[in-house]
Amino acid sequence: MNTEMIDIIRRNFDLDLAEGRDDKVMPLSEAMKRHIRPGQTVLLGEFANAATREIARQFKDTKAAFTIINASRDYTSALVYNGLVKKLIGVAYMHLYPTSGPNKLIQKAFNEGRIEIEGWTSISMQQRLIAGAMDMECMVTKSLLGSDMVVDNQDCLHAFHSPFNNKQELALLKALNPDIAVVHGWFADRQGNIIMGSPYYMGTSTWGARASKEGVVATVEKIVPTEFIRKHSCLVSIPSYMVKSVTEVPFGAHPQGMNTLGLGIDGFTSYRPDIPFIGDYRATVSDPARLEAWMDEWVYECPNQEAYLAKIGKERLAGFSSGIGEGEGQMELANLLNTISLSPEYTKNELTVVAAARKIEEIVLTRHYINFLLGVGFSALAGWSAYYKLKKKDIPIKLMIGTGVYGYSPQPGNPSIGATSNIETGCLITDAFQSYGTFIGGYNNRCLSVLGAAQVDKHGNVNATKVDGQFIAGSGGSNDAANAEEVMVISRQSSKRFVDRVDYITSPGIRVKTLVSDMAVFEKLGDDDEFTLTGVHVSGASLEEKIKTVRANCGWDLKVAADVRQMTPPDVEELAMIRCFDPNKLYR
């Protein structure tokens, strides 16, 4: 036997310790200097916050004129602040923590004509990037139709009727290819095979990376051996050939959080958003003097991520991970049960949530929906309350987060739908493309979407984009969620919010059947496409006085049902559940 030849053949089959010879690891500052240039169209991934701060440092006081593609709603401000951005292409520019609300810096920059904003929806943005990644000129969608985004984006969108049997109205979306993609993930080897995160809501990051003309500049929480990548290869979403550089940047998403929940990888812990930091940041955004000081302190005077993290402190950083994946909602409940108010007295906001929850319960019992898509704030609190009401009646429903979490059980202690305590209870984790495209708006969806609104009209059209020509926030996933079988809208009521016709249609009202305000319930009866007042919960000495108050705060000629119902007061259990969800009164 030729043992020497056998040994040669055996060695031919040895796996390389590293995939290929191209080591792409480099400091973040060097990566940015090599690959980011003025005038580029740069895709900023959902959690690429350390990278965004580095871009802000390197291009300070220059005329960079970037076009920024992103879905990370909060943290583009560091670039807009110093005049580095010419145009934003995105889905929404708003804060989600501690409560939801528009980003006033970006509002102001747009309203003063210093930047352009091209607004899309969560799924349509991804579809444009998917088309770009697949080298297709366009991709079909049914989102956006009926909204004013069709008019705004006519250079990149073409509405048409299907040539097939049902003649369905559709739209062609023009492919979108950034020059360069900057993304943040969990793991990568030195060659650039990247595992992103959980949920897989980094769809914009993943598809933007695949669509990028010049490749990917990546930061990750941890550089790992190729052996680790091979072991978890089903989780790799960006292959190495697309990647220009990789930098290990722990807490690179801060002040946002990052999840490994559902990945099945031991030894690495998720971390939560830094809510106090985000609250302070948000307070500075609308105050130029405070924002300048904040940018100096946290961006320009921190030369790198190491200095940034040292300033935050090891003890505080460690606290963001404690309890994650260990049933933190149940642990929080043990504390809440000793402190939660059981008073029968209630606030106006609590009354609104109870009214909406009761209406959701009634709709499900009547029309047998299975899936719920809930927006933030009142929408989440009402949907969560209805979930447990229906559970007690053995009516199974599935809650969804548009970014890709399905079948979660809402946990106490945090009113954010994206709280890690909620995500760890999900039974399916996917991405926004699947969530909005299939479970919410797909075939046989059986979905009820519950959404908020800055402005709503008598037909149920929702506006979250512009009022009097002034920018608000944008669609996010609300337009996509409006493709559900039925939609409910929850909103505070005034004649400025409840208008005859919204200033801008962000989401069309064709599937909006119910509107709940802090005063009343409105429904579309029969084939009528306008709302009729069917229930009241506003205070008043008589039914007539209550209807008069509702009418005075409505901007259209209100139709009133012959048998308007008066809501009975919330009971203590209903109130206690809401207080458990929102113990710090962020929405209550």
# chains A, B, ... in the order shown; residues from 1 in each chain; ligands from 1

$ residues_around --residues "stretch 186-195 of chain A" --least-positions-apart "6" --cutoff "9 Å" --atoms "only C-alpha atoms" --output "number ranges by chain"
A: 18-25, 218-229, 232-233, 235-248, 258-260

$ select_by_dssp --residues "stretch 236-346 of chain A" --states "alpha helix (DSSP H)" --output "VMD selection string"
chain A and resid 275 to 285 288 to 295 305 to 312 314 to 319 328 to 336

$ write_last_selection --atoms "N, CA and C atoms" --output "short mmCIF file (atom, residue, chain, number, x, y, z; two decimals), in the first residue's frame"
data_model
loop_
_atom_site.label_atom_id
_atom_site.label_comp_id
_atom_site.auth_asym_id
_atom_site.auth_seq_id
_atom_site.Cartn_x
_atom_site.Cartn_y
_atom_site.Cartn_z
N ILE A 275 -32.82 52.47 27.91
CA ILE A 275 -33.95 53.40 27.90
C ILE A 275 -33.60 54.78 28.47
N PRO A 276 -32.88 54.88 29.60
CA PRO A 276 -32.51 56.22 30.09
C PRO A 276 -31.66 57.00 29.09
N PHE A 277 -30.71 56.31 28.46
CA PHE A 277 -29.86 56.96 27.46
C PHE A 277 -30.71 57.45 26.29
N ILE A 278 -31.62 56.59 25.82
CA ILE A 278 -32.48 56.95 24.70
C ILE A 278 -33.36 58.13 25.08
N GLY A 279 -33.89 58.13 26.30
CA GLY A 279 -34.73 59.25 26.74
C GLY A 279 -33.98 60.56 26.75
N ASP A 280 -32.72 60.52 27.20
CA ASP A 280 -31.90 61.74 27.22
C ASP A 280 -31.59 62.20 25.80
N TYR A 281 -31.23 61.25 24.95
CA TYR A 281 -30.96 61.56 23.54
C TYR A 281 -32.18 62.19 22.88
N ARG A 282 -33.33 61.57 23.13
CA ARG A 282 -34.56 62.07 22.51
C ARG A 282 -34.88 63.49 22.96
N ALA A 283 -34.63 63.78 24.23
CA ALA A 283 -34.91 65.12 24.75
C ALA A 283 -34.02 66.18 24.09
N THR A 284 -32.81 65.75 23.66
CA THR A 284 -31.89 66.72 23.05
C THR A 284 -32.23 67.02 21.59
N VAL A 285 -32.92 66.09 20.93
CA VAL A 285 -33.11 66.19 19.49
C VAL A 285 -33.87 67.45 19.09
N PRO A 288 -31.54 72.52 19.82
CA PRO A 288 -30.23 72.61 19.14
C PRO A 288 -29.05 72.77 20.09
N ALA A 289 -29.20 73.58 21.13
CA ALA A 289 -28.08 73.79 22.06
C ALA A 289 -27.74 72.50 22.80
N ARG A 290 -28.77 71.80 23.28
CA ARG A 290 -28.54 70.54 23.99
C ARG A 290 -27.99 69.47 23.05
N LEU A 291 -28.48 69.47 21.80
CA LEU A 291 -28.02 68.46 20.86
C LEU A 291 -26.54 68.66 20.52
N GLU A 292 -26.12 69.90 20.38
CA GLU A 292 -24.71 70.18 20.11
C GLU A 292 -23.83 69.65 21.24
N ALA A 293 -24.25 69.88 22.47
CA ALA A 293 -23.49 69.37 23.62
C ALA A 293 -23.50 67.85 23.65
N TRP A 294 -24.64 67.25 23.32
CA TRP A 294 -24.76 65.78 23.30
C TRP A 294 -23.85 65.19 22.23
N MET A 295 -23.84 65.79 21.04
CA MET A 295 -22.97 65.30 19.96
C MET A 295 -21.50 65.41 20.36
N GLN A 305 -15.31 53.30 19.72
CA GLN A 305 -16.31 52.57 20.51
C GLN A 305 -15.80 52.23 21.91
N GLU A 306 -14.51 51.98 22.05
CA GLU A 306 -13.94 51.66 23.36
C GLU A 306 -14.14 52.82 24.33
N ALA A 307 -13.89 54.03 23.86
CA ALA A 307 -14.07 55.21 24.71
C ALA A 307 -15.54 55.43 25.03
N TYR A 308 -16.38 55.18 24.04
CA TYR A 308 -17.83 55.32 24.21
C TYR A 308 -18.35 54.36 25.29
N LEU A 309 -17.90 53.10 25.22
CA LEU A 309 -18.35 52.11 26.21
C LEU A 309 -17.78 52.39 27.59
N ALA A 310 -16.53 52.86 27.64
CA ALA A 310 -15.93 53.21 28.94
C ALA A 310 -16.72 54.31 29.61
N LYS A 311 -17.23 55.23 28.82
CA LYS A 311 -18.02 56.33 29.36
C LYS A 311 -19.36 55.83 29.93
N ILE A 312 -19.92 54.83 29.28
CA ILE A 312 -21.18 54.24 29.79
C ILE A 312 -20.92 53.45 31.07
N LYS A 314 -18.91 49.61 32.70
CA LYS A 314 -19.08 48.16 32.61
C LYS A 314 -20.30 47.68 33.38
N GLU A 315 -20.51 48.23 34.56
CA GLU A 315 -21.63 47.76 35.39
C GLU A 315 -22.97 48.03 34.72
N ARG A 316 -23.08 49.22 34.14
CA ARG A 316 -24.33 49.58 33.46
C ARG A 316 -24.53 48.70 32.23
N LEU A 317 -23.47 48.45 31.47
CA LEU A 317 -23.58 47.60 30.29
C LEU A 317 -24.01 46.19 30.67
N ALA A 318 -23.45 45.66 31.75
CA ALA A 318 -23.81 44.31 32.19
C ALA A 318 -25.29 44.22 32.56
N GLY A 319 -25.82 45.30 33.09
CA GLY A 319 -27.23 45.30 33.50
C GLY A 319 -28.21 45.15 32.36
N GLU A 328 -38.12 36.79 32.07
CA GLU A 328 -38.04 38.07 32.79
C GLU A 328 -39.43 38.68 33.01
N GLY A 329 -40.39 38.39 32.12
CA GLY A 329 -41.73 38.90 32.32
C GLY A 329 -42.35 38.37 33.60
N GLN A 330 -42.16 37.08 33.85
CA GLN A 330 -42.71 36.48 35.07
C GLN A 330 -42.00 36.99 36.31
N MET A 331 -40.69 37.23 36.18
CA MET A 331 -39.95 37.80 37.31
C MET A 331 -40.44 39.22 37.60
N GLU A 332 -40.72 39.97 36.55
CA GLU A 332 -41.23 41.33 36.72
C GLU A 332 -42.61 41.30 37.36
N LEU A 333 -43.43 40.31 36.99
CA LEU A 333 -44.77 40.20 37.54
C LEU A 333 -44.74 40.02 39.05
N ALA A 334 -43.79 39.24 39.55
CA ALA A 334 -43.69 39.01 40.99
C ALA A 334 -43.53 40.33 41.74
N ASN A 335 -42.77 41.25 41.15
CA ASN A 335 -42.61 42.57 41.78
C ASN A 335 -43.86 43.43 41.62
N LEU A 336 -44.46 43.35 40.44
CA LEU A 336 -45.61 44.21 40.15
C LEU A 336 -46.82 43.87 41.03
#

$ residues_around --residues "A:Leu381" --least-positions-apart "2" --cutoff "9 Å" --atoms "only C-alpha atoms" --output "number ranges by chain"
A: 353-354, 357, 374, 376-379, 383-386, 415, 578, 581-582, 587

$ atom_distance --atom1 "atom CA of A:Gly39" --atom2 "atom CA of A:Ala65"
5.0 Å

$ closest_atom_pairs --of "stretch 190-289 of chain A" --to "stretch 46-63 of chain A" --cutoff "10 Å" --atoms "only C-alpha atoms" --output "Markdown table"
| residue | atom | partner | partner_atom | distance |
| --- | --- | --- | --- | --- |
| A:Gly197 | CA | A:Phe47 | CA | 9.9 |
| A:Tyr201 | CA | A:Glu46 | CA | 8.4 |
| A:Met202 | CA | A:Glu46 | CA | 6.2 |
| A:Gly203 | CA | A:Glu46 | CA | 8.6 |
| A:Thr204 | CA | A:Glu46 | CA | 7.1 |
| A:Ser205 | CA | A:Glu46 | CA | 6.4 |
| A:Thr206 | CA | A:Glu46 | CA | 9.9 |
| A:Val217 | CA | A:Ala51 | CA | 9.0 |
| A:Ala218 | CA | A:Ala48 | CA | 8.5 |
| A:Thr219 | CA | A:Ala51 | CA | 7.3 |
| A:Val220 | CA | A:Ala48 | CA | 9.2 |
| A:Thr247 | CA | A:Ala51 | CA | 9.7 |
| A:Val249 | CA | A:Ala50 | CA | 7.6 |
| A:Pro250 | CA | A:Ala50 | CA | 9.3 |
| A:Phe251 | CA | A:Ala50 | CA | 8.2 |
| A:Gly252 | CA | A:Ala50 | CA | 5.0 |
| A:Ala253 | CA | A:Phe47 | CA | 4.8 |
| A:His254 | CA | A:Asn49 | CA | 6.6 |
| A:Pro255 | CA | A:Asn49 | CA | 7.9 |
| A:Gln256 | CA | A:Phe47 | CA | 7.1 |
| A:Gly257 | CA | A:Phe47 | CA | 8.3 |
| A:Met258 | CA | A:Phe47 | CA | 8.0 |

$ residues_around --residues "A:Ile472" --least-positions-apart "2" --cutoff "10 Å" --atoms "only C-alpha atoms" --output "VMD selection string"
chain A and resid 92 to 94 101 to 104 106 to 108 110 to 111 454 463 to 467 469 to 470 474 to 475

$ atom_distance --atom1 "atom CA of A:Thr366" --atom2 "atom CA of A:Lys524"
15.2 Å

$ atom_distance --atom1 "atom CA of A:Met139" --atom2 "atom CA of A:Gln127"
6.5 Å

$ residues_around --residues "stretch 533-548 of chain A" --least-positions-apart "5" --cutoff "9 Å" --atoms "only C-alpha atoms" --output "mmCIF file with C-alpha atoms, in the first residue's frame"
data_model
loop_
_atom_site.group_PDB
_atom_site.id
_atom_site.type_symbol
_atom_site.label_atom_id
_atom_site.label_comp_id
_atom_site.auth_asym_id
_atom_site.auth_seq_id
_atom_site.Cartn_x
_atom_site.Cartn_y
_atom_site.Cartn_z
ATOM 1 C CA LYS A 348 -58.909 58.837 30.297
ATOM 2 C CA LEU A 351 -60.687 54.119 29.570
ATOM 3 C CA THR A 352 -59.679 54.350 25.897
ATOM 4 C CA ALA A 355 -62.989 50.471 25.199
ATOM 5 C CA ASP A 518 -60.771 58.492 23.706
ATOM 6 C CA MET A 519 -64.418 59.521 23.394
ATOM 7 C CA ALA A 520 -66.302 57.027 21.267
ATOM 8 C CA VAL A 521 -66.527 54.056 18.918
ATOM 9 C CA PHE A 522 -67.195 54.516 15.195
ATOM 10 C CA GLU A 523 -67.994 51.754 12.708
ATOM 11 C CA LYS A 524 -68.686 51.328 9.012
ATOM 12 C CA ASN A 553 -64.582 67.123 18.320
ATOM 13 C CA LEU A 558 -71.059 62.841 11.834
ATOM 14 C CA LYS A 559 -73.555 60.054 11.262
ATOM 15 C CA VAL A 560 -75.122 58.748 14.472
ATOM 16 C CA ALA A 561 -76.628 55.280 14.908
ATOM 17 C CA ALA A 562 -80.182 54.999 16.210
ATOM 18 C CA ASP A 563 -79.020 52.890 19.159
ATOM 19 C CA VAL A 564 -75.733 54.377 20.382
ATOM 20 C CA ARG A 565 -74.324 52.244 23.189
ATOM 21 C CA GLN A 566 -72.955 53.732 26.397
ATOM 22 C CA MET A 567 -69.932 51.921 27.755
ATOM 23 C CA THR A 568 -70.047 50.530 31.255
ATOM 24 C CA PRO A 569 -67.067 51.557 33.415
#
